[in-house]
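S.K.: File data19.pdb follows (PDB, C-alpha atoms and all ligand atoms):
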ATOM      1  CA  MET A1391    -127.907  53.272 -65.239
ATOM      2  CA  THR A1392    -129.417  55.815 -67.630
ATOM      3  CA  GLY A1393    -132.216  55.798 -70.203
ATOM      4  CA  ARG A1394    -135.646  57.405 -70.417
ATOM      5  CA  VAL A1395    -137.268  58.579 -67.233
ATOM      6  CA  VAL A1396    -140.434  60.318 -66.042
ATOM      7  CA  VAL A1397    -140.432  62.526 -62.926
ATOM      8  CA  LEU A1398    -143.532  62.351 -60.706
ATOM      9  CA  GLY A1399    -144.063  65.845 -59.332
ATOM     10  CA  ALA A1400    -143.437  69.052 -61.290
ATOM     11  CA  GLY A1401    -142.917  71.401 -58.347
ATOM     12  CA  GLY A1402    -139.660  72.941 -57.230
ATOM     13  CA  HIS A1403    -138.217  69.632 -56.058
ATOM     14  CA  GLY A1404    -139.312  67.895 -59.250
ATOM     15  CA  ARG A1405    -137.569  70.521 -61.373
ATOM     16  CA  VAL A1406    -134.362  70.018 -59.376
ATOM     17  CA  VAL A1407    -134.578  66.242 -59.786
ATOM     18  CA  ALA A1408    -135.223  66.563 -63.538
ATOM     19  CA  ASP A1409    -132.192  68.832 -63.851
ATOM     20  CA  ILE A1410    -129.970  66.312 -62.034
ATOM     21  CA  LEU A1411    -131.204  63.463 -64.226
ATOM     22  CA  ALA A1412    -130.550  65.429 -67.419
ATOM     23  CA  LEU A1413    -127.087  66.412 -66.174
ATOM     24  CA  THR A1414    -126.235  62.767 -65.542
ATOM     25  CA  GLY A1415    -127.218  61.410 -68.952
ATOM     26  CA  TRP A1416    -130.885  60.514 -68.531
ATOM     27  CA  THR A1417    -133.452  61.450 -71.156
ATOM     28  CA  VAL A1418    -136.231  63.099 -69.172
ATOM     29  CA  ASP A1419    -139.487  62.496 -71.063
ATOM     30  CA  GLY A1420    -141.430  64.833 -68.782
ATOM     31  CA  PHE A1421    -143.421  65.052 -65.563
ATOM     32  CA  LEU A1422    -146.605  63.620 -64.139
ATOM     33  CA  ASP A1423    -148.511  66.033 -61.905
ATOM     34  CA  ASP A1424    -152.132  66.422 -60.805
ATOM     35  CA  ALA A1425    -151.987  70.206 -60.497
ATOM     36  CA  LYS A1426    -149.993  71.270 -63.540
ATOM     37  CA  ASN A1427    -150.211  70.926 -67.281
ATOM     38  CA  GLY A1428    -148.472  72.339 -70.336
ATOM     39  CA  SER A1429    -144.749  72.484 -69.821
ATOM     40  CA  VAL A1430    -142.508  73.027 -66.821
ATOM     41  CA  SER A1431    -138.845  73.994 -67.183
ATOM     42  CA  GLY A1432    -139.127  73.176 -70.897
ATOM     43  CA  LEU A1433    -140.405  69.636 -70.273
ATOM     44  CA  PRO A1434    -143.963  68.443 -70.927
ATOM     45  CA  VAL A1435    -146.387  67.565 -68.162
ATOM     46  CA  LEU A1436    -147.550  64.248 -69.599
ATOM     47  CA  GLY A1437    -150.641  63.937 -67.395
ATOM     48  CA  PRO A1438    -151.821  63.266 -63.839
ATOM     49  CA  PHE A1439    -150.300  60.736 -61.427
ATOM     50  CA  ALA A1440    -153.040  58.263 -62.365
ATOM     51  CA  LEU A1441    -151.245  57.706 -65.678
ATOM     52  CA  ALA A1442    -148.515  55.952 -63.697
ATOM     53  CA  VAL A1443    -150.713  52.939 -63.112
ATOM     54  CA  GLU A1444    -151.891  52.685 -66.713
ATOM     55  CA  SER A1445    -150.518  49.580 -68.244
ATOM     56  CA  GLY A1446    -147.647  50.206 -70.620
ATOM     57  CA  PHE A1447    -146.970  53.814 -69.587
ATOM     58  CA  PHE A1448    -143.598  52.913 -68.100
ATOM     59  CA  ASP A1449    -142.533  50.461 -70.789
ATOM     60  CA  GLY A1450    -138.961  51.470 -71.588
ATOM     61  CA  ARG A1451    -139.014  54.227 -68.972
ATOM     62  CA  ALA A1452    -137.840  54.507 -65.386
ATOM     63  CA  ALA A1453    -139.547  56.731 -62.806
ATOM     64  CA  ILE A1454    -138.615  58.827 -59.811
ATOM     65  CA  VAL A1455    -141.043  60.354 -57.337
ATOM     66  CA  ALA A1456    -140.063  63.957 -56.597
ATOM     67  CA  LEU A1457    -142.520  64.916 -53.868
ATOM     68  CA  GLY A1458    -141.269  66.614 -50.704
ATOM     69  CA  ASP A1459    -143.857  64.916 -48.505
ATOM     70  CA  ASN A1460    -142.193  61.781 -47.153
ATOM     71  CA  ALA A1461    -145.334  59.680 -46.800
ATOM     72  CA  GLN A1462    -146.596  60.507 -50.290
ATOM     73  CA  ARG A1463    -143.181  59.932 -51.861
ATOM     74  CA  ALA A1464    -142.809  56.543 -50.190
ATOM     75  CA  ALA A1465    -146.361  55.404 -51.004
ATOM     76  CA  LEU A1466    -146.106  56.331 -54.672
ATOM     77  CA  SER A1467    -142.610  54.862 -55.006
ATOM     78  CA  ARG A1468    -143.741  51.592 -53.424
ATOM     79  CA  ALA A1469    -146.782  51.447 -55.719
ATOM     80  CA  LEU A1470    -144.521  51.877 -58.744
ATOM     81  CA  CYS A1471    -142.181  49.130 -57.516
ATOM     82  CA  ASP A1472    -145.160  46.827 -57.020
ATOM     83  CA  CYS A1473    -146.069  47.421 -60.688
ATOM     84  CA  GLY A1474    -142.537  46.457 -61.725
ATOM     85  CA  VAL A1475    -141.426  50.010 -62.617
ATOM     86  CA  THR A1476    -137.690  50.704 -62.270
ATOM     87  CA  LEU A1477    -136.895  53.611 -59.948
ATOM     88  CA  ALA A1478    -134.163  56.001 -61.090
ATOM     89  CA  THR A1479    -131.619  57.380 -58.637
ATOM     90  CA  ALA A1480    -130.622  61.042 -59.097
ATOM     91  CA  ILE A1481    -127.164  61.999 -57.839
ATOM     92  CA  HIS A1482    -125.927  65.477 -58.735
ATOM     93  CA  PRO A1483    -122.497  65.435 -60.420
ATOM     94  CA  SER A1484    -121.139  67.792 -57.758
ATOM     95  CA  ALA A1485    -122.128  65.469 -54.891
ATOM     96  CA  VAL A1486    -119.274  63.597 -53.222
ATOM     97  CA  VAL A1487    -120.180  59.991 -52.557
ATOM     98  CA  ALA A1488    -117.749  57.556 -50.916
ATOM     99  CA  ARG A1489    -116.913  54.445 -52.899
ATOM    100  CA  ASP A1490    -118.553  52.113 -50.437
ATOM    101  CA  ALA A1491    -121.593  54.246 -49.639
ATOM    102  CA  VAL A1492    -124.910  52.703 -50.632
ATOM    103  CA  ILE A1493    -127.683  54.798 -52.170
ATOM    104  CA  GLY A1494    -131.059  53.178 -52.691
ATOM    105  CA  ALA A1495    -133.276  53.270 -55.760
ATOM    106  CA  GLY A1496    -135.500  56.319 -56.139
ATOM    107  CA  THR A1497    -133.267  58.490 -53.935
ATOM    108  CA  MET A1498    -132.106  62.008 -54.791
ATOM    109  CA  VAL A1499    -128.705  63.399 -53.679
ATOM    110  CA  GLY A1500    -128.479  67.126 -54.367
ATOM    111  CA  ALA A1501    -125.766  69.521 -55.500
ATOM    112  CA  GLY A1502    -122.820  69.755 -53.142
ATOM    113  CA  ALA A1503    -124.068  67.015 -50.841
ATOM    114  CA  ILE A1504    -121.573  64.654 -49.211
ATOM    115  CA  VAL A1505    -122.190  61.002 -48.409
ATOM    116  CA  GLY A1506    -119.367  59.475 -46.401
ATOM    117  CA  VAL A1507    -117.655  56.133 -46.077
ATOM    118  CA  ALA A1508    -119.943  53.183 -45.341
ATOM    119  CA  ALA A1509    -122.983  55.440 -45.158
ATOM    120  CA  HIS A1510    -126.216  53.774 -46.148
ATOM    121  CA  ILE A1511    -129.004  55.821 -47.715
ATOM    122  CA  GLY A1512    -132.227  53.914 -48.233
ATOM    123  CA  ARG A1513    -134.771  53.973 -51.045
ATOM    124  CA  PHE A1514    -136.717  57.086 -52.088
ATOM    125  CA  CYS A1515    -134.835  59.348 -49.706
ATOM    126  CA  ILE A1516    -133.823  62.959 -50.241
ATOM    127  CA  VAL A1517    -130.327  64.149 -49.298
ATOM    128  CA  ASN A1518    -130.813  67.720 -50.346
ATOM    129  CA  THR A1519    -128.492  70.498 -51.490
ATOM    130  CA  ALA A1520    -125.254  70.788 -49.473
ATOM    131  CA  ALA A1521    -126.365  68.303 -46.819
ATOM    132  CA  SER A1522    -123.740  65.955 -45.433
ATOM    133  CA  VAL A1523    -124.152  62.430 -44.192
ATOM    134  CA  ASP A1524    -120.892  61.275 -42.678
ATOM    135  CA  HIS A1525    -119.303  57.852 -42.245
ATOM    136  CA  ASP A1526    -121.383  54.931 -41.016
ATOM    137  CA  CYS A1527    -124.680  56.832 -40.992
ATOM    138  CA  ALA A1528    -127.914  55.046 -41.836
ATOM    139  CA  VAL A1529    -130.744  57.003 -43.432
ATOM    140  CA  GLU A1530    -133.721  54.698 -43.763
ATOM    141  CA  ASP A1531    -136.267  54.479 -46.586
ATOM    142  CA  GLY A1532    -138.267  57.616 -47.328
ATOM    143  CA  ALA A1533    -136.321  59.919 -44.998
ATOM    144  CA  PHE A1534    -135.478  63.517 -45.916
ATOM    145  CA  VAL A1535    -132.236  65.299 -45.014
ATOM    146  CA  ALA A1536    -132.930  68.957 -45.787
ATOM    147  CA  PRO A1537    -130.488  71.485 -47.290
ATOM    148  CA  GLY A1538    -127.378  72.139 -45.254
ATOM    149  CA  ALA A1539    -128.119  69.580 -42.540
ATOM    150  CA  ARG A1540    -125.020  67.956 -41.065
ATOM    151  CA  LEU A1541    -125.043  64.355 -39.906
ATOM    152  CA  CYS A1542    -121.861  63.407 -38.039
ATOM    153  CA  GLY A1543    -120.608  59.812 -38.017
ATOM    154  CA  GLY A1544    -122.860  56.952 -37.036
ATOM    155  CA  VAL A1545    -126.134  58.872 -37.032
ATOM    156  CA  ARG A1546    -129.342  56.921 -37.654
ATOM    157  CA  VAL A1547    -132.351  58.570 -39.295
ATOM    158  CA  GLY A1548    -135.464  56.399 -39.134
ATOM    159  CA  GLU A1549    -137.872  55.649 -41.940
ATOM    160  CA  GLY A1550    -139.798  58.681 -43.165
ATOM    161  CA  ALA A1551    -138.110  61.116 -40.748
ATOM    162  CA  LEU A1552    -137.289  64.738 -41.669
ATOM    163  CA  VAL A1553    -134.009  66.360 -40.640
ATOM    164  CA  GLY A1554    -134.717  70.089 -40.990
ATOM    165  CA  ALA A1555    -132.551  72.527 -42.894
ATOM    166  CA  GLY A1556    -129.209  73.260 -41.248
ATOM    167  CA  ALA A1557    -129.761  70.885 -38.328
ATOM    168  CA  ILE A1558    -126.657  69.343 -36.765
ATOM    169  CA  LEU A1559    -126.821  65.729 -35.621
ATOM    170  CA  LEU A1560    -123.883  64.871 -33.393
ATOM    171  CA  PRO A1561    -122.152  61.465 -33.575
ATOM    172  CA  GLY A1562    -124.459  58.570 -32.847
ATOM    173  CA  ALA A1563    -127.662  60.628 -32.689
ATOM    174  CA  VAL A1564    -130.851  58.719 -33.498
ATOM    175  CA  VAL A1565    -134.009  60.114 -35.097
ATOM    176  CA  SER A1566    -137.028  57.854 -34.647
ATOM    177  CA  PRO A1567    -139.094  56.894 -37.694
ATOM    178  CA  GLY A1568    -141.438  59.646 -38.857
ATOM    179  CA  ARG A1569    -140.043  62.280 -36.478
ATOM    180  CA  THR A1570    -138.959  65.829 -37.455
ATOM    181  CA  VAL A1571    -135.732  67.455 -36.314
ATOM    182  CA  PRO A1572    -136.422  71.229 -36.360
ATOM    183  CA  ALA A1573    -134.477  73.368 -38.795
ATOM    184  CA  GLY A1574    -131.268  74.580 -37.155
ATOM    185  CA  ALA A1575    -131.560  72.246 -34.151
ATOM    186  CA  VAL A1576    -128.620  70.425 -32.588
ATOM    187  CA  LEU A1577    -129.314  66.802 -31.669
ATOM    188  CA  ARG A1578    -126.914  64.691 -29.658
ATOM    189  CA  ALA A1579    -126.864  60.972 -28.953
ATOM    190  CA  SER A1580    -128.945  59.926 -25.958
ATOM    191  CA  PRO A1581    -126.755  58.828 -23.063
ATOM    192  CA  SER A1582    -126.615  55.043 -22.889
ATOM    193  CA  PRO A1583    -128.547  53.507 -19.980
ATOM    194  CA  GLY A1584    -126.456  52.874 -16.894
ATOM    195  CA  PRO A1585    -125.594  49.412 -15.554
TER     196      PRO A1585
HETATM  197  C1  LIG A1601    -139.961  72.577 -36.027
HETATM  198  C2  LIG A1601    -141.083  72.693 -37.017
HETATM  199  C3  LIG A1601    -141.487  71.305 -37.521
HETATM  200  C4  LIG A1601    -142.247  73.360 -36.274
HETATM  201  O1  LIG A1601    -143.328  73.492 -37.122
HETATM  202  P1  LIG A1601    -144.777  73.831 -36.488
HETATM  203  O2  LIG A1601    -145.187  72.719 -35.579
HETATM  204  O3  LIG A1601    -145.670  74.177 -37.636
HETATM  205  O4  LIG A1601    -144.512  75.026 -35.523
HETATM  206  P2  LIG A1601    -144.737  76.589 -35.775
HETATM  207  O5  LIG A1601    -144.199  77.027 -37.109
HETATM  208  O6  LIG A1601    -146.186  76.874 -35.480
HETATM  209  O7  LIG A1601    -143.827  77.210 -34.644
HETATM  210  C5  LIG A1601    -144.101  77.011 -33.259
HETATM  211  C6  LIG A1601    -143.060  77.772 -32.466
HETATM  212  O8  LIG A1601    -141.767  77.175 -32.622
HETATM  213  C7  LIG A1601    -140.850  78.111 -33.207
HETATM  214  N1  LIG A1601    -140.036  77.374 -34.170
HETATM  215  C8  LIG A1601    -140.488  76.742 -35.269
HETATM  216  N2  LIG A1601    -139.455  76.145 -35.889
HETATM  217  C9  LIG A1601    -138.347  76.420 -35.196
HETATM  218  C10 LIG A1601    -136.972  76.098 -35.364
HETATM  219  N3  LIG A1601    -136.567  75.367 -36.386
HETATM  220  N4  LIG A1601    -136.101  76.540 -34.445
HETATM  221  C11 LIG A1601    -136.520  77.284 -33.389
HETATM  222  N5  LIG A1601    -137.812  77.633 -33.186
HETATM  223  C12 LIG A1601    -138.714  77.190 -34.079
HETATM  224  C13 LIG A1601    -141.723  79.167 -33.875
HETATM  225  O9  LIG A1601    -141.060  80.410 -33.968
HETATM  226  C14 LIG A1601    -142.897  79.227 -32.909
HETATM  227  O10 LIG A1601    -142.543  79.965 -31.754
HETATM  228  P3  LIG A1601    -143.623  80.839 -30.963
HETATM  229  O11 LIG A1601    -144.663  79.868 -30.475
HETATM  230  O12 LIG A1601    -142.817  81.473 -29.882
HETATM  231  O13 LIG A1601    -144.178  81.805 -31.972
HETATM  232  C15 LIG A1601    -140.692  73.524 -38.251
HETATM  233  O14 LIG A1601    -140.606  74.906 -37.964
HETATM  234  C16 LIG A1601    -139.371  73.085 -38.862
HETATM  235  O15 LIG A1601    -138.278  73.460 -38.461
HETATM  236  N6  LIG A1601    -139.496  72.223 -39.923
HETATM  237  C17 LIG A1601    -138.402  71.801 -40.739
HETATM  238  C18 LIG A1601    -138.585  72.424 -42.104
HETATM  239  C19 LIG A1601    -137.450  72.123 -43.064
HETATM  240  O16 LIG A1601    -136.291  72.250 -42.771
HETATM  241  N7  LIG A1601    -137.857  71.726 -44.266
HETATM  242  C20 LIG A1601    -136.954  71.448 -45.320
HETATM  243  C21 LIG A1601    -137.569  71.764 -46.632
HETATM  244  S1  LIG A1601    -136.418  71.645 -47.961
END
Please express the file's structure as structure tokens.
Ligand SMILES: CC(C)(COP(=O)(O)OP(=O)(O)OC[C@H]1O[C@@H](n2cnc3c(N)ncnc32)[C@H](O)[C@@H]1OP(=O)(O)O)[C@@H](O)C(=O)NCCC(=O)NCCS

M.R.:
Amino acid sequence: MTGRVVVLGAGGHGRVVADILALTGWTVDGFLDDAKNGSVSGLPVLGPFALAVESGFFDGRAAIVALGDNAQRAALSRALCDCGVTLATAIHPSAVVARDAVIGAGTMVGAGAIVGVAAHIGRFCIVNTAASVDHDCAVEDGAFVAPGARLCGGVRVGEGALVGAGAILLPGAVVSPGRTVPAGAVLRASPSPGP
């Protein structure tokens, strides 16, 4: 799917998302942002976030929320969905995505990221630059896999969780919803309870 799109959030992450969308054939009309105006990376800041709920603003346009804060990104994405706005998905052309991987609406997959066989990435997630999410992983809605993090096979990342930059999640590891895995940490699967 391509077409016209507006990026919510004109910070560093928003600029990366806009770049990915433009590289993959979208026409990026501009940003919405409460703290910026004028132009950012050559694209106009069309107004504050409040414009998103004005009737007609998204006629003929998709949206993607490009905020690093998981709770804010999920809340705004859900509000847009409730208003019937289509969420764009931004997958960098250099990302490697298995044929049967699933990537939800409103999710960003960054440059050099890898999403393996039968992996399932939820809605409005971030799989950031050079992160890898191996076979059979599940990354639930609104979660964030930071740059260079490595998820081995069968890892589960709960809703709204953050896997810090460069963390390594060994096979079968589980991150509870909303939790943070520290940058550079190694997380293994919990031993299964005995008989
Ligand atoms: C783990 C983390 C959440 C801790 O944040 P915090 O609660 O604000 O903790 P602080 O920064 O006050 O650090 C507390 C202590 O833990 C240490 N620490 C913090 N993060 C650490 C990490 N990733 N690995 C090892 N030690 C860490 C600090 O050096 C400090 O040690 P000290 O008490 O001896 O001085 C945070 O450092 C982190 O790793 N977040 C992930 C960030 C990330 O990858 N974002 C991606 C953006 S694209």

S.K.: For this file, the PyMOL selection byres (((not hetatm)) within 9 of (chain A and resi 1601)) selects which residues, as an mmCIF file with C-alpha atoms, in the coordinates of the input?

M.R.:
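The result, stored in part27.cif:
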data_model
loop_
_atom_site.group_PDB
_atom_site.id
_atom_site.type_symbol
_atom_site.label_atom_id
_atom_site.label_comp_id
_atom_site.auth_asym_id
_atom_site.auth_seq_id
_atom_site.Cartn_x
_atom_site.Cartn_y
_atom_site.Cartn_z
ATOM 1 C CA HIS A 1403 -138.217 69.632 -56.058
ATOM 2 C CA GLY A 1458 -141.269 66.614 -50.704
ATOM 3 C CA ASN A 1518 -130.813 67.720 -50.346
ATOM 4 C CA THR A 1519 -128.492 70.498 -51.490
ATOM 5 C CA PHE A 1534 -135.478 63.517 -45.916
ATOM 6 C CA VAL A 1535 -132.236 65.299 -45.014
ATOM 7 C CA ALA A 1536 -132.930 68.957 -45.787
ATOM 8 C CA PRO A 1537 -130.488 71.485 -47.290
ATOM 9 C CA ALA A 1539 -128.119 69.580 -42.540
ATOM 10 C CA LEU A 1552 -137.289 64.738 -41.669
ATOM 11 C CA VAL A 1553 -134.009 66.360 -40.640
ATOM 12 C CA GLY A 1554 -134.717 70.089 -40.990
ATOM 13 C CA ALA A 1555 -132.551 72.527 -42.894
ATOM 14 C CA GLY A 1556 -129.209 73.260 -41.248
ATOM 15 C CA ALA A 1557 -129.761 70.885 -38.328
ATOM 16 C CA THR A 1570 -138.959 65.829 -37.455
ATOM 17 C CA VAL A 1571 -135.732 67.455 -36.314
ATOM 18 C CA PRO A 1572 -136.422 71.229 -36.360
ATOM 19 C CA ALA A 1573 -134.477 73.368 -38.795
ATOM 20 C CA GLY A 1574 -131.268 74.580 -37.155
ATOM 21 C CA ALA A 1575 -131.560 72.246 -34.151
#

S.K.: For a test of reading the model, state the distance in Å between CA of Val1486 (chain A) and CA of Gly1506 (chain A), rounded to one decimal.

M.R.: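 Between these atoms lies a distance of 8.0 Å.
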
S.K.: I need the residue nearest Ala1485 (chain A) from this list: A:Ile1511, A:Val1576, A:Ala1501, A:Ile1516. Use only C-alpha atoms for the distance.

M.R.: A:Ala1501

S.K.: Using all atoms listed in the file, pick whichever of A:Ala1465, A:Leu1398, A:Cys1527, A:Cys1515 has the shortest atom-to-atom distance to Ala1440 (chain A).

M.R.: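 The answer is A:Leu1398, which sits nearest to Ala1440 (chain A).
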
S.K.: As an exercise, work out the distance from CA of Asp1531 (chain A) to CA of Gly1550 (chain A) in Å and give it to one decimal place.

M.R.: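 Taking CA of Asp1531 (chain A) and CA of Gly1550 (chain A), their separation equals 6.5 Å.
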
S.K.: For Arg1451 (chain A), find every residue with an atom within 9 Å (counting all atoms listed in the file), except residues of its own chain fewer than 4 positions away, and show them as a list in words.

M.R.: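 That gives Gly1393, Arg1394, Val1395, Val1396, Asp1419, Phe1447, Val1475 and Thr1476 of chain A.
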
S.K.: Can you turn the PyMOL selection byres (((chain A and resi 1529) around 7) and not hetatm) into a concrete residue list for this file, as a ChimeraX atom specification?

M.R.: /A:1510-1512,1527-1528,1530-1531,1533,1546-1548

S.K.: I need the output of the PyMOL selection byres (((chain A and resi 1456) around 8) and not hetatm) for this file as a ChimeraX atom specification; which residues are they?

M.R.: /A:1397-1400,1403-1404,1407,1454-1455,1457-1458,1463

S.K.: Find the residue from A:Ala1452, A:Met1391, A:Val1443, A:Leu1559 that sits nearest to Val1418 (chain A); use only C-alpha atoms when measuring.

M.R.: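 Result for the nearest residue to Val1418 (chain A): A:Ala1452.
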
S.K.: Quick check, in Å to one decimal: how far apart do CA of Gly1568 (chain A) and CA of Val1517 (chain A) lie?

M.R.: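 Separation between CA of Gly1568 (chain A) and CA of Val1517 (chain A): 15.9 Å.
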
S.K.: Name the closest residue to Ala1461 (chain A) among the candidates A:Leu1577, A:Ala1551, A:Ser1582, A:Gly1562; distances are taken between atoms, counting only C-alpha atoms.

M.R.: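 Smallest distance to Ala1461 (chain A) is found for A:Ala1551.
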
S.K.: Nearest residue to Pro1483 (chain A) out of A:Gly1543, A:Gly1432, A:Gly1415, A:Gly1584, using only C-alpha atoms?

M.R.: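 Closest to Pro1483 (chain A), using only C-alpha atoms: A:Gly1415.
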
S.K.: So, with only C-alpha atoms as the atoms that count, which of A:Thr1479, A:Gln1462, A:Ser1580, A:Ser1431 lies closest to Val1564 (chain A)?

M.R.: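 Counting only C-alpha atoms, the residue closest to Val1564 (chain A) is A:Ser1580.
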
S.K.: Find the spatial neighbours of Cys1542 (chain A), counting all atoms listed in the file, within a cut-off of 8 Å - ignore same-chain residues fewer than 2 positions away - and output them as a PyMOL selection string.

M.R.: chain A and resi 1523-1525+1527+1540+1544-1545+1558-1562

S.K.: Assuming 3 Å of padding per side, give the centre and edge lengths of the axis-aligned box around every listed atom of region 1571-1582 of chain A, in Å to one decimal and as lines of an AutoDock Vina configuration file.

M.R.:
center_x = -131.5
center_y = 64.8
center_z = -30.8
size_x = 15.8
size_y = 25.5
size_z = 21.9

S.K.: If you count only C-alpha atoms, which residues fall within 9 Å of Pro1434 (chain A), apart from same-chain ones fewer than 2 positions away, as number ranges by chain?

M.R.: A: 1419-1422, 1427-1432, 1436-1437

S.K.: For Cys1473 (chain A), please output as a ChimeraX atom specification all residues within 12 Å (counting all atoms listed in the file; exclusion window: fewer than 6 positions along the same chain).

M.R.: /A:1442-1449,1452-1453,1466-1467
